[in-house]
$ cat query_38.txt   # compact mmCIF, C-alpha atoms
# COMPACT_ATOMS: atom_id res chain seq x y z
CA MET Z 1 41.48 -29.90 -9.09
CA ASP Z 2 39.58 -28.32 -11.94
CA PRO Z 3 42.30 -26.30 -13.75
CA GLN Z 4 39.70 -23.67 -14.67
CA LEU Z 5 38.59 -23.14 -11.08
CA PRO Z 6 40.37 -19.78 -10.60
CA ILE Z 7 38.74 -18.16 -13.64
CA LYS Z 8 35.35 -19.60 -12.70
CA ILE Z 9 35.61 -18.08 -9.23
CA ILE Z 10 36.71 -14.74 -10.65
CA LEU Z 11 33.94 -14.61 -13.26
CA VAL Z 12 31.20 -15.60 -10.81
CA ALA Z 13 32.54 -13.03 -8.32
CA ALA Z 14 32.53 -10.39 -11.07
CA VAL Z 15 28.91 -11.13 -11.98
CA ILE Z 16 27.92 -10.94 -8.29
CA LEU Z 17 29.83 -7.67 -7.95
CA VAL Z 18 27.98 -6.20 -10.92
CA ALA Z 19 24.67 -7.33 -9.39
CA ALA Z 20 25.63 -5.89 -5.99
CA LEU Z 21 26.56 -2.53 -7.50
CA ILE Z 22 23.16 -2.45 -9.17
CA VAL Z 23 21.05 -3.48 -6.18
CA TRP Z 24 23.05 -1.54 -3.58
CA PRO Z 25 21.72 1.99 -3.80
CA GLY Z 26 24.73 3.74 -2.28
CA ARG Z 27 25.30 7.44 -2.46
CA GLY Z 28 25.90 9.32 -5.67
CA ALA Z 29 29.52 10.21 -4.87
CA ARG Z 30 30.60 6.64 -4.16
CA ARG Z 31 28.95 5.30 -7.27
CA VAL Z 32 30.52 7.95 -9.49
CA ALA Z 33 33.94 7.46 -7.84
CA LEU Z 34 33.80 3.69 -8.31
CA ARG Z 35 32.89 4.11 -11.94
CA ARG Z 36 35.79 6.51 -12.51
CA LEU Z 37 38.28 4.26 -10.71
CA GLY Z 38 36.99 1.40 -12.84
CA THR Z 39 37.56 3.44 -15.99
CA VAL Z 40 41.13 4.32 -14.92
CA ALA Z 41 41.85 0.65 -14.20
CA LEU Z 42 40.42 -0.29 -17.59
CA VAL Z 43 42.63 2.25 -19.38
CA LEU Z 44 45.77 1.14 -17.51
CA GLY Z 45 44.94 -2.49 -18.23
CA ALA Z 46 44.38 -1.75 -21.90
CA VAL Z 47 47.69 0.12 -22.19
CA ALA Z 48 49.52 -2.72 -20.48
CA ALA Z 49 47.89 -5.30 -22.73
CA ILE Z 50 48.87 -3.33 -25.84
CA ALA Z 51 52.43 -2.62 -24.76
CA PHE Z 52 53.10 -6.15 -23.48
CA PRO Z 53 50.67 -8.47 -25.32
CA GLU Z 54 52.25 -11.53 -23.67
CA ILE Z 55 50.98 -10.55 -20.20
CA THR Z 56 47.35 -11.34 -21.06
CA GLY Z 57 48.49 -14.85 -22.00
CA THR Z 58 50.50 -15.16 -18.79
CA ILE Z 59 47.59 -14.04 -16.63
CA ALA Z 60 45.22 -16.32 -18.57
CA ASN Z 61 47.48 -19.34 -17.97
CA PHE Z 62 47.78 -18.46 -14.31
CA LEU Z 63 43.96 -18.36 -14.01
CA GLY Z 64 43.48 -21.61 -15.91
CA VAL Z 65 42.23 -20.00 -19.13
CA GLY Z 66 43.66 -21.29 -22.41
CA ARG Z 67 44.55 -18.07 -24.20
CA GLY Z 68 44.85 -14.38 -23.43
CA ALA Z 69 42.20 -13.64 -26.08
CA ASP Z 70 39.69 -15.79 -24.17
CA LEU Z 71 40.41 -13.87 -20.97
CA LEU Z 72 39.79 -10.58 -22.79
CA LEU Z 73 36.51 -11.95 -24.14
CA TYR Z 74 35.31 -12.93 -20.66
CA GLY Z 75 36.24 -9.52 -19.35
CA THR Z 76 34.37 -7.87 -22.22
CA VAL Z 77 31.20 -9.89 -21.50
CA ILE Z 78 31.26 -8.91 -17.80
CA ALA Z 79 31.86 -5.27 -18.68
CA PHE Z 80 29.01 -5.34 -21.20
CA VAL Z 81 26.53 -6.85 -18.75
CA GLY Z 82 27.48 -4.22 -16.17
CA PHE Z 83 27.09 -1.47 -18.75
CA ALA Z 84 23.69 -2.75 -19.85
CA PHE Z 85 22.33 -2.80 -16.30
CA ALA Z 86 23.83 0.57 -15.41
CA THR Z 87 22.23 2.05 -18.52
CA ARG Z 88 18.88 0.58 -17.57
CA ILE Z 89 19.04 2.14 -14.12
CA GLU Z 90 20.01 5.48 -15.59
CA LYS Z 91 17.08 5.27 -18.01
CA ARG Z 92 14.68 4.69 -15.10
CA ARG Z 93 16.01 7.80 -13.38
CA VAL Z 94 15.61 9.90 -16.51
CA ASP Z 95 12.10 8.48 -17.10
CA ALA Z 96 11.10 9.50 -13.57
CA GLN Z 97 12.36 13.04 -14.22
CA ILE Z 98 10.51 13.26 -17.54
CA THR Z 99 7.34 12.10 -15.78
CA GLN Z 100 7.67 14.84 -13.16
CA ILE Z 101 8.19 17.55 -15.77
CA ALA Z 102 5.35 16.32 -17.98
CA ARG Z 103 3.00 16.04 -15.00
CA ALA Z 104 3.84 19.50 -13.70
CA GLN Z 105 3.27 20.99 -17.14
CA ALA Z 106 -0.02 19.11 -17.62
CA ILE Z 107 -1.41 20.18 -14.25
CA ALA Z 108 -0.22 23.79 -14.58
CA SER Z 109 -2.19 24.30 -17.79
CA ALA Z 110 -5.37 22.54 -16.62
CA HIS Z 111 -8.62 24.31 -15.83
CA ARG Z 112 -9.46 24.52 -12.10
CA PRO Z 113 -13.22 24.88 -11.67
CA TRP Z 114 -13.02 25.49 -7.92
CA GLU Z 115 -11.02 28.69 -8.47
CA ALA Z 116 -13.61 30.02 -10.90
CA GLU Z 117 -16.35 29.32 -8.33
CA ARG Z 118 -14.49 31.21 -5.64
CA ALA Z 119 -13.92 34.21 -7.91
CA ALA Z 120 -17.58 34.36 -8.90
CA MET R 1 -24.74 12.78 4.88
CA VAL R 2 -26.39 15.86 3.42
CA ALA R 3 -23.01 17.54 2.84
CA GLY R 4 -22.00 14.93 0.31
CA ALA R 5 -25.39 14.38 -1.26
CA ASP R 6 -24.42 16.13 -4.51
CA ASN R 7 -20.97 14.47 -4.58
CA ARG R 8 -19.23 17.85 -5.03
CA ASP R 9 -16.53 16.56 -2.67
CA VAL R 10 -15.64 13.72 -5.07
CA TRP R 11 -13.19 13.82 -7.97
CA VAL R 12 -13.46 11.01 -10.50
CA VAL R 13 -10.09 10.36 -12.16
CA VAL R 14 -10.32 8.77 -15.61
CA PRO R 15 -7.02 7.86 -17.29
CA LEU R 16 -7.55 8.27 -21.02
CA PHE R 17 -5.61 6.90 -23.96
CA ASN R 18 -7.20 6.55 -27.41
CA GLU R 19 -10.79 5.74 -26.45
CA ALA R 20 -12.58 8.05 -28.90
CA THR R 21 -15.22 5.36 -29.57
CA VAL R 22 -16.61 5.31 -26.05
CA ILE R 23 -15.22 8.23 -24.02
CA SER R 24 -18.15 10.65 -24.59
CA GLU R 25 -20.64 8.07 -23.36
CA VAL R 26 -18.46 7.21 -20.34
CA ILE R 27 -18.08 10.88 -19.31
CA ASP R 28 -21.82 11.53 -19.76
CA GLY R 29 -22.59 8.62 -17.49
CA VAL R 30 -20.17 9.73 -14.78
CA LEU R 31 -21.26 13.39 -14.88
CA ALA R 32 -24.85 12.33 -14.24
CA VAL R 33 -23.75 11.29 -10.74
CA PHE R 34 -20.44 13.05 -10.03
CA PRO R 35 -20.02 16.74 -11.01
CA ASN R 36 -16.20 16.64 -10.87
CA VAL R 37 -14.51 14.47 -13.50
CA VAL R 38 -10.88 14.83 -14.52
CA CYS R 39 -9.73 12.99 -17.62
CA VAL R 40 -5.98 12.57 -17.72
CA ASP R 41 -5.24 12.31 -21.41
CA ASP R 42 -2.05 10.33 -21.86
CA GLY R 43 -1.09 11.60 -25.30
CA SER R 44 -4.09 10.27 -27.23
CA THR R 45 -3.80 10.63 -30.99
CA ASP R 46 -7.46 10.00 -31.88
CA GLY R 47 -9.10 13.15 -30.54
CA SER R 48 -10.19 11.52 -27.26
CA ALA R 49 -9.13 14.57 -25.25
CA ALA R 50 -11.34 16.96 -27.22
CA LEU R 51 -14.30 14.57 -26.94
CA ALA R 52 -13.81 14.29 -23.16
CA ALA R 53 -13.64 18.08 -22.82
CA ALA R 54 -16.75 18.50 -25.00
CA ALA R 55 -18.58 16.01 -22.79
CA GLY R 56 -17.84 18.24 -19.79
CA ALA R 57 -14.79 16.70 -18.11
CA VAL R 58 -11.76 18.68 -17.00
CA VAL R 59 -8.94 17.46 -19.25
CA VAL R 60 -5.35 17.33 -18.02
CA ARG R 61 -3.12 16.52 -20.98
CA HIS R 62 0.21 14.75 -20.69
CA PRO R 63 2.45 16.26 -23.39
CA LEU R 64 3.62 12.72 -24.21
CA ASN R 65 2.51 9.17 -23.49
CA LEU R 66 3.71 8.14 -20.04
CA GLY R 67 1.47 5.18 -19.18
CA GLN R 68 -1.68 4.50 -17.21
CA GLY R 69 0.03 4.53 -13.81
CA ALA R 70 1.47 7.97 -14.53
CA ALA R 71 -1.97 9.19 -15.65
CA LEU R 72 -3.58 8.04 -12.39
CA GLN R 73 -0.90 9.77 -10.31
CA THR R 74 -1.37 12.98 -12.32
CA GLY R 75 -5.11 12.76 -11.63
CA PHE R 76 -4.43 12.23 -7.91
CA GLU R 77 -2.18 15.29 -7.76
CA TYR R 78 -4.68 17.41 -9.67
CA ALA R 79 -7.55 16.36 -7.39
CA GLN R 80 -5.52 17.22 -4.29
CA LEU R 81 -5.27 20.82 -5.48
CA ASP R 82 -9.01 21.21 -4.87
CA PRO R 83 -9.37 22.07 -1.18
CA GLY R 84 -12.95 20.79 -1.31
CA MET R 85 -11.97 17.28 -2.37
CA ARG R 86 -12.67 14.56 0.19
CA TYR R 87 -12.77 11.46 -2.01
CA VAL R 88 -11.10 10.33 -5.23
CA VAL R 89 -12.51 7.61 -7.46
CA THR R 90 -10.57 5.96 -10.29
CA LEU R 91 -12.53 4.59 -13.21
CA ASP R 92 -11.40 3.17 -16.57
CA SER R 93 -12.19 5.06 -19.75
CA ASP R 94 -13.23 2.06 -21.85
CA GLY R 95 -16.73 1.71 -20.40
CA GLN R 96 -16.14 -1.50 -18.46
CA HIS R 97 -17.01 0.11 -15.11
CA GLN R 98 -20.46 1.17 -14.00
CA VAL R 99 -21.20 4.46 -12.30
CA VAL R 100 -23.55 2.81 -9.79
CA ASP R 101 -20.59 0.74 -8.59
CA ALA R 102 -18.43 3.88 -8.27
CA LEU R 103 -21.20 5.46 -6.24
CA ALA R 104 -21.38 2.39 -3.99
CA LEU R 105 -17.64 2.70 -3.25
CA VAL R 106 -18.01 6.37 -2.29
CA GLU R 107 -21.08 5.70 -0.16
CA ARG R 108 -19.09 3.01 1.66
CA LEU R 109 -16.24 5.47 2.34
CA ARG R 110 -18.75 8.06 3.64
CA GLN R 111 -19.43 5.74 6.56
CA GLY R 112 -16.01 6.93 7.77
CA ASP R 113 -14.33 3.72 8.92
CA LEU R 114 -12.23 3.06 5.79
CA ASP R 115 -9.35 4.70 3.91
CA ALA R 116 -10.00 2.96 0.60
CA ALA R 117 -12.70 0.89 -1.09
CA LEU R 118 -11.66 -1.34 -3.97
CA GLY R 119 -13.91 -2.87 -6.58
CA SER R 120 -13.75 -6.65 -6.94
CA ARG R 121 -15.32 -8.63 -9.75
CA PHE R 122 -14.93 -11.92 -7.87
CA LEU R 123 -17.12 -11.33 -4.81
CA ASP R 124 -20.22 -12.36 -6.71
CA ASP R 125 -20.79 -14.14 -10.03
CA ARG R 126 -22.14 -11.29 -12.15
CA THR R 127 -18.87 -10.75 -14.03
CA LYS R 128 -18.03 -13.34 -16.66
CA PRO R 129 -14.35 -13.27 -17.67
CA GLY R 130 -13.04 -15.86 -20.13
CA VAL R 131 -10.92 -18.82 -19.04
CA LEU R 132 -7.56 -17.30 -20.04
CA LYS R 133 -8.43 -14.00 -18.36
CA ARG R 134 -9.42 -15.90 -15.22
CA ILE R 135 -5.99 -17.59 -15.17
CA VAL R 136 -4.15 -14.30 -15.72
CA LEU R 137 -6.11 -12.58 -12.94
CA TRP R 138 -5.66 -15.56 -10.61
CA LEU R 139 -1.87 -15.46 -11.11
CA ALA R 140 -1.90 -11.68 -10.65
CA ILE R 141 -3.77 -11.81 -7.35
CA GLY R 142 -1.56 -14.64 -6.11
CA PHE R 143 1.53 -12.58 -6.83
CA THR R 144 0.08 -9.43 -5.26
CA ASN R 145 -1.10 -11.20 -2.11
CA ALA R 146 2.28 -12.91 -1.72
CA THR R 147 4.33 -9.73 -2.12
CA THR R 148 2.23 -7.03 -0.42
CA GLY R 149 0.76 -8.69 2.67
CA VAL R 150 -2.70 -7.36 1.76
CA LYS R 151 -5.26 -10.09 1.09
CA LEU R 152 -7.58 -9.24 -1.78
CA THR R 153 -9.69 -11.15 -4.26
CA ASP R 154 -9.10 -8.79 -7.20
CA ALA R 155 -6.08 -6.48 -7.24
CA HIS R 156 -6.24 -5.55 -10.90
CA ASN R 157 -9.53 -3.74 -10.95
CA GLY R 158 -9.38 -0.10 -12.05
CA LEU R 159 -12.45 0.90 -10.03
CA ARG R 160 -11.25 2.23 -6.66
CA ALA R 161 -12.11 4.96 -4.18
CA PHE R 162 -9.78 6.68 -1.71
CA THR R 163 -10.19 9.26 1.02
CA ARG R 164 -8.16 12.46 0.78
CA ASP R 165 -5.62 11.17 3.33
CA ALA R 166 -5.27 7.86 1.53
CA VAL R 167 -4.76 9.40 -1.89
CA ALA R 168 -1.90 11.51 -0.51
CA LYS R 169 -0.18 8.30 0.62
CA VAL R 170 -0.74 6.28 -2.53
CA ARG R 171 1.99 7.83 -4.67
CA ILE R 172 2.31 5.81 -7.86
CA THR R 173 5.79 5.59 -9.37
CA GLN R 174 5.12 2.66 -11.73
CA ASN R 175 4.22 4.56 -14.89
CA ARG R 176 3.06 1.56 -16.90
CA MET R 177 0.81 -1.34 -16.01
CA ALA R 178 2.55 -2.45 -12.79
CA HIS R 179 0.78 0.35 -10.90
CA ALA R 180 -2.08 -1.96 -9.86
CA SER R 181 0.28 -4.11 -7.78
CA GLU R 182 2.04 -0.97 -6.57
CA ILE R 183 -1.22 0.53 -5.28
CA VAL R 184 -1.91 -2.61 -3.25
CA SER R 185 1.65 -2.61 -1.95
CA LEU R 186 1.30 1.05 -0.86
CA ILE R 187 -2.00 0.22 0.86
CA GLY R 188 -0.12 -2.48 2.78
CA ARG R 189 2.84 -0.28 3.64
CA HIS R 190 0.68 2.56 4.98
CA ARG R 191 -1.66 0.12 6.72
CA LEU R 192 -4.70 1.69 5.10
CA ARG R 193 -8.07 0.32 6.17
CA VAL R 194 -9.45 -1.20 3.02
CA GLU R 195 -12.49 -3.19 1.97
CA GLU R 196 -13.45 -4.84 -1.29
CA ILE R 197 -16.87 -4.09 -2.71
CA PRO R 198 -18.46 -6.32 -5.37
CA VAL R 199 -18.66 -4.62 -8.76
CA HIS R 200 -19.83 -5.72 -12.17
CA ILE R 201 -17.31 -5.46 -15.02
CA LEU R 202 -18.86 -5.27 -18.46
CA TYR R 203 -16.74 -7.29 -20.85
CA THR R 204 -17.82 -5.90 -24.17
CA ASP R 205 -16.03 -6.94 -27.35
CA TYR R 206 -14.52 -3.46 -27.25
CA SER R 207 -13.01 -3.73 -23.76
CA ARG R 208 -12.01 -7.36 -24.35
CA ALA R 209 -9.90 -6.36 -27.32
CA LYS R 210 -8.01 -3.81 -25.21
CA GLY R 211 -7.69 -5.77 -21.96
CA GLN R 212 -4.69 -7.25 -20.17
CA SER R 213 -3.00 -10.03 -22.06
CA LEU R 214 -0.83 -12.83 -20.76
CA TRP R 215 2.16 -11.04 -22.33
CA ASN R 216 1.35 -7.99 -20.30
CA SER R 217 1.61 -9.97 -17.06
CA VAL R 218 5.19 -10.86 -17.98
CA ASN R 219 5.92 -7.16 -18.50
CA ILE R 220 4.34 -6.30 -15.16
CA LEU R 221 6.47 -8.87 -13.32
CA VAL R 222 9.65 -7.50 -14.90
CA ASP R 223 8.63 -3.91 -14.10
CA LEU R 224 8.07 -4.81 -10.46
CA MET R 225 11.35 -6.68 -10.07
CA LEU R 226 13.66 -4.23 -11.88
CA LYS R 227 12.76 -1.10 -9.98
$ encode --input "query_38.txt" --output "structure tokens"
Amino acid sequence: MDPQLPIKIILVAAVILVAALIVWPGRGARRVALRRLGTVALVLGAVAAIAFPEITGTIANFLGVGRGADLLLYGTVIAFVGFAFATRIEKRRVDAQITQIARAQAIASAHRPWEAERAA
Amino acid sequence: MVAGADNRDVWVVVPLFNEATVISEVIDGVLAVFPNVVCVDDGSTDGSAALAAAAGAVVVRHPLNLGQGAALQTGFEYAQLDPGMRYVVTLDSDGQHQVVDALALVERLRQGDLDAALGSRFLDDRTKPGVLKRIVLWLAIGFTNATTGVKLTDAHNGLRAFTRDAVAKVRITQNRMAHASEIVSLIGRHRLRVEEIPVHILYTDYSRAKGQSLWNSVNILVDLMLK
């Protein structure tokens, strides 16, 4: 068996999960909750890795990765990709809001010839 | 047809971004046929908005540049405020469209059996695009036909006419160039009755220099996929 199979499965699953979270609209509350739970897990994991540096190596060996540092790098790449996509989605939302405000302002200050005709 | 003889029930929407060279001429030409013209100025920095206003168009000014799709939607929303509006025409500000063609689209809609009339430059051989442009447009129409279920010969033509009901349904959310595909997709989703009318696009050196490039088609594809 490919000794790196476990980490390959985990990384591919993580990429698919990131993609699913992006495509799956979901409701606001669930998305926010998932992000916060993810942050808590990240903090706990970071504390554990600092306090007991050997555990990253142990987990890495268990998953078929050479060193703990490699495992951290893989995790960082996945997290970065997820962050980049999440930021892109957020930017789209903000752009849509800016468009609505700009449009409303533009139309509000425009001349309306039909109103002048009616008044006359 | 007497009611519409003076075209007071038509609003011509002209998205405008830095076309100071030609905009006065374009507005003059349109006003000769259609009394209601709204120029949606998308943050021009070359005085285009003032020229359009001086030529007699109503100018709606975006406070910042949002894109051509956003400008069209702003024009649609403005036109819908006029209770007398029955038809909306979209026409590019660079002088490539002809007012007689716009009039033909409206006259077609006045027959009452359509929701939208779209200009097509490929129904006859008057328009002469270059080879590269032909390839870009061919790829674009292939993509649009495959993804929207509406069969057209020319989806990326800015000369279009809609009835009041249709324009309320075609709500553009693609601010940048992907709006052309989005309009076709909305036509498909709302099952609008649509017909293509042959029009003549004038490829002047001026419009050629500002037209769609192959790079832009890549951007459009990405815009459509990453909603």
$ atom_distance --input "query_38.txt" --atom1 "CA of Thr153 (chain R)" --atom2 "CA of Arg193 (chain R)"
15.6 Å
$ closest_atom_pairs --input "query_38.txt" --of "chain Z" --to "chain R" --cutoff "12 Å" --atoms "only C-alpha atoms" --output "tab-separated table"
residue	atom	partner	partner_atom	distance
Z:Ala19	CA	R:Leu226	CA	11.7
Z:Ile22	CA	R:Leu226	CA	10.0
Z:Val23	CA	R:Leu226	CA	9.4
Z:Pro25	CA	R:Lys227	CA	11.3
Z:Phe85	CA	R:Leu226	CA	9.8
Z:Ala86	CA	R:Leu226	CA	11.8
Z:Arg88	CA	R:Leu226	CA	9.1
Z:Ile89	CA	R:Lys227	CA	8.2
Z:Glu90	CA	R:Lys227	CA	11.3
Z:Lys91	CA	R:Lys227	CA	11.1
Z:Arg92	CA	R:Lys227	CA	8.0
Z:Arg93	CA	R:Lys227	CA	10.1
Z:Asp95	CA	R:Leu66	CA	8.9
Z:Ala96	CA	R:Thr173	CA	7.8
Z:Gln97	CA	R:Thr173	CA	11.1
Z:Ile98	CA	R:Leu66	CA	8.9
Z:Thr99	CA	R:Leu66	CA	6.9
Z:Gln100	CA	R:Thr74	CA	9.3
Z:Ile101	CA	R:Pro63	CA	9.6
Z:Ala102	CA	R:His62	CA	6.0
Z:Arg103	CA	R:Thr74	CA	6.0
Z:Ala104	CA	R:Thr74	CA	8.5
Z:Gln105	CA	R:His62	CA	7.8
Z:Ala106	CA	R:Arg61	CA	5.3
Z:Ile107	CA	R:Val60	CA	6.2
Z:Ala108	CA	R:Val60	CA	8.9
Z:Ser109	CA	R:Val60	CA	7.7
Z:Ala110	CA	R:Val60	CA	5.4
Z:His111	CA	R:Val58	CA	6.6
Z:Arg112	CA	R:Val58	CA	8.0
Z:Pro113	CA	R:Val58	CA	8.3
Z:Trp114	CA	R:Asp82	CA	6.6
Z:Glu115	CA	R:Asp82	CA	8.5
Z:Ala116	CA	R:Asp82	CA	11.6
Z:Glu117	CA	R:Asp82	CA	11.5
Z:Arg118	CA	R:Pro83	CA	11.4
$ residues_near_point --input "query_38.txt" --point "(2.1, -2.8, -15.2)" --cutoff "8 Å" --atoms "all atoms listed in the file" --output "VMD selection string"
chain R and resid 69 174 to 181 216 to 217 219 to 221 223 to 224
$ residues_around --input "query_38.txt" --residues "Val106 (chain R)" --least-positions-apart "3" --cutoff "8 Å" --atoms "all atoms listed in the file" --output "list in words"
Tyr87, Val89, Ala102, Leu103, Leu109, Arg110, Ala117 and Ala161 of chain R
$ residues_around --input "query_38.txt" --residues "Val22 (chain R)" --least-positions-apart "6" --cutoff "12 Å" --atoms "only C-alpha atoms" --output "short mmCIF file (atom, residue, chain, number, x, y, z; two decimals) with C-alpha atoms, in the coordinates of the input"
data_model
loop_
_atom_site.label_atom_id
_atom_site.label_comp_id
_atom_site.auth_asym_id
_atom_site.auth_seq_id
_atom_site.Cartn_x
_atom_site.Cartn_y
_atom_site.Cartn_z
CA LEU R 16 -7.55 8.27 -21.02
CA ASP R 28 -21.82 11.53 -19.76
CA GLY R 29 -22.59 8.62 -17.49
CA ASP R 46 -7.46 10.00 -31.88
CA GLY R 47 -9.10 13.15 -30.54
CA SER R 48 -10.19 11.52 -27.26
CA ALA R 49 -9.13 14.57 -25.25
CA LEU R 51 -14.30 14.57 -26.94
CA ALA R 52 -13.81 14.29 -23.16
CA ALA R 55 -18.58 16.01 -22.79
CA ASP R 92 -11.40 3.17 -16.57
CA SER R 93 -12.19 5.06 -19.75
CA ASP R 94 -13.23 2.06 -21.85
CA GLY R 95 -16.73 1.71 -20.40
CA GLN R 96 -16.14 -1.50 -18.46
CA THR R 204 -17.82 -5.90 -24.17
CA TYR R 206 -14.52 -3.46 -27.25
CA SER R 207 -13.01 -3.73 -23.76
#
$ atom_distance --input "query_38.txt" --atom1 "CA of Gly188 (chain R)" --atom2 "CA of Val150 (chain R)"
5.6 Å
$ atom_distance --input "query_38.txt" --atom1 "CA of Ile7 (chain Z)" --atom2 "CA of Val32 (chain Z)"
27.7 Å
$ closest_residue --input "query_38.txt" --among "R:Ala32, R:Val37, R:Val184, R:Val218" --to "Trp11 (chain R)" --atoms "only C-alpha atoms"
R:Val37
$ residues_around --input "query_38.txt" --residues "Thr58 (chain Z)" --least-positions-apart "5" --cutoff "12 Å" --atoms "all atoms listed in the file" --output "PDB file with C-alpha atoms, in the coordinates of the input"
ATOM      1  CA  ALA Z  49      47.890  -5.300 -22.730  1.00  0.00           C
ATOM      2  CA  PHE Z  52      53.100  -6.150 -23.480  1.00  0.00           C
ATOM      3  CA  PRO Z  53      50.670  -8.470 -25.320  1.00  0.00           C
ATOM      4  CA  LEU Z  63      43.960 -18.360 -14.010  1.00  0.00           C
ATOM      5  CA  GLY Z  64      43.480 -21.610 -15.910  1.00  0.00           C
ATOM      6  CA  VAL Z  65      42.230 -20.000 -19.130  1.00  0.00           C
ATOM      7  CA  GLY Z  66      43.660 -21.290 -22.410  1.00  0.00           C
ATOM      8  CA  ARG Z  67      44.550 -18.070 -24.200  1.00  0.00           C
ATOM      9  CA  GLY Z  68      44.850 -14.380 -23.430  1.00  0.00           C
ATOM     10  CA  ALA Z  69      42.200 -13.640 -26.080  1.00  0.00           C
ATOM     11  CA  LEU Z  71      40.410 -13.870 -20.970  1.00  0.00           C
TER      12      LEU Z  71
END
$ residues_near_point --input "query_38.txt" --point "(-19.2, -7.0, -19.5)" --cutoff "8 Å" --atoms "only C-alpha atoms" --output "list in words"
Gln96, Thr127, Lys128, His200, Ile201, Leu202, Tyr203 and Thr204 of chain R
$ decode --input "query_38.txt" --residues "region 6-20 of chain R" --atoms "N, CA and C atoms" --output "compact mmCIF listing (two decimals), in the first residue's frame"
# COMPACT_ATOMS: atom_id res chain seq x y z
N ASP R 6 -44.70 58.76 -32.25
CA ASP R 6 -43.61 59.69 -31.90
C ASP R 6 -42.58 59.04 -30.98
N ASN R 7 -42.76 57.75 -30.68
CA ASN R 7 -41.83 56.99 -29.84
C ASN R 7 -41.65 57.58 -28.43
N ARG R 8 -42.68 58.29 -27.94
CA ARG R 8 -42.59 58.84 -26.57
C ARG R 8 -42.65 57.73 -25.53
N ASP R 9 -43.11 56.55 -25.95
CA ASP R 9 -43.22 55.42 -25.01
C ASP R 9 -41.95 54.57 -25.00
N VAL R 10 -40.88 55.07 -25.64
CA VAL R 10 -39.62 54.33 -25.69
C VAL R 10 -38.54 55.07 -24.91
N TRP R 11 -37.78 54.31 -24.09
CA TRP R 11 -36.58 54.88 -23.49
C TRP R 11 -35.37 54.18 -24.08
N VAL R 12 -34.43 54.96 -24.61
CA VAL R 12 -33.20 54.41 -25.14
C VAL R 12 -32.13 54.52 -24.05
N VAL R 13 -31.59 53.38 -23.62
CA VAL R 13 -30.58 53.33 -22.57
C VAL R 13 -29.20 53.22 -23.23
N VAL R 14 -28.34 54.20 -22.94
CA VAL R 14 -27.00 54.21 -23.52
C VAL R 14 -25.97 54.17 -22.40
N PRO R 15 -25.34 53.02 -22.16
CA PRO R 15 -24.27 53.00 -21.15
C PRO R 15 -23.07 53.77 -21.68
N LEU R 16 -22.52 54.64 -20.82
CA LEU R 16 -21.49 55.57 -21.31
C LEU R 16 -20.25 55.50 -20.43
N PHE R 17 -19.11 55.25 -21.05
CA PHE R 17 -17.85 55.33 -20.30
C PHE R 17 -16.75 55.85 -21.24
N ASN R 18 -16.33 57.07 -21.00
CA ASN R 18 -15.23 57.69 -21.75
C ASN R 18 -15.38 57.55 -23.27
N GLU R 19 -16.40 58.21 -23.80
CA GLU R 19 -16.62 58.22 -25.25
C GLU R 19 -16.77 59.65 -25.75
N ALA R 20 -16.00 60.57 -25.18
CA ALA R 20 -16.15 62.00 -25.50
C ALA R 20 -16.04 62.26 -27.00
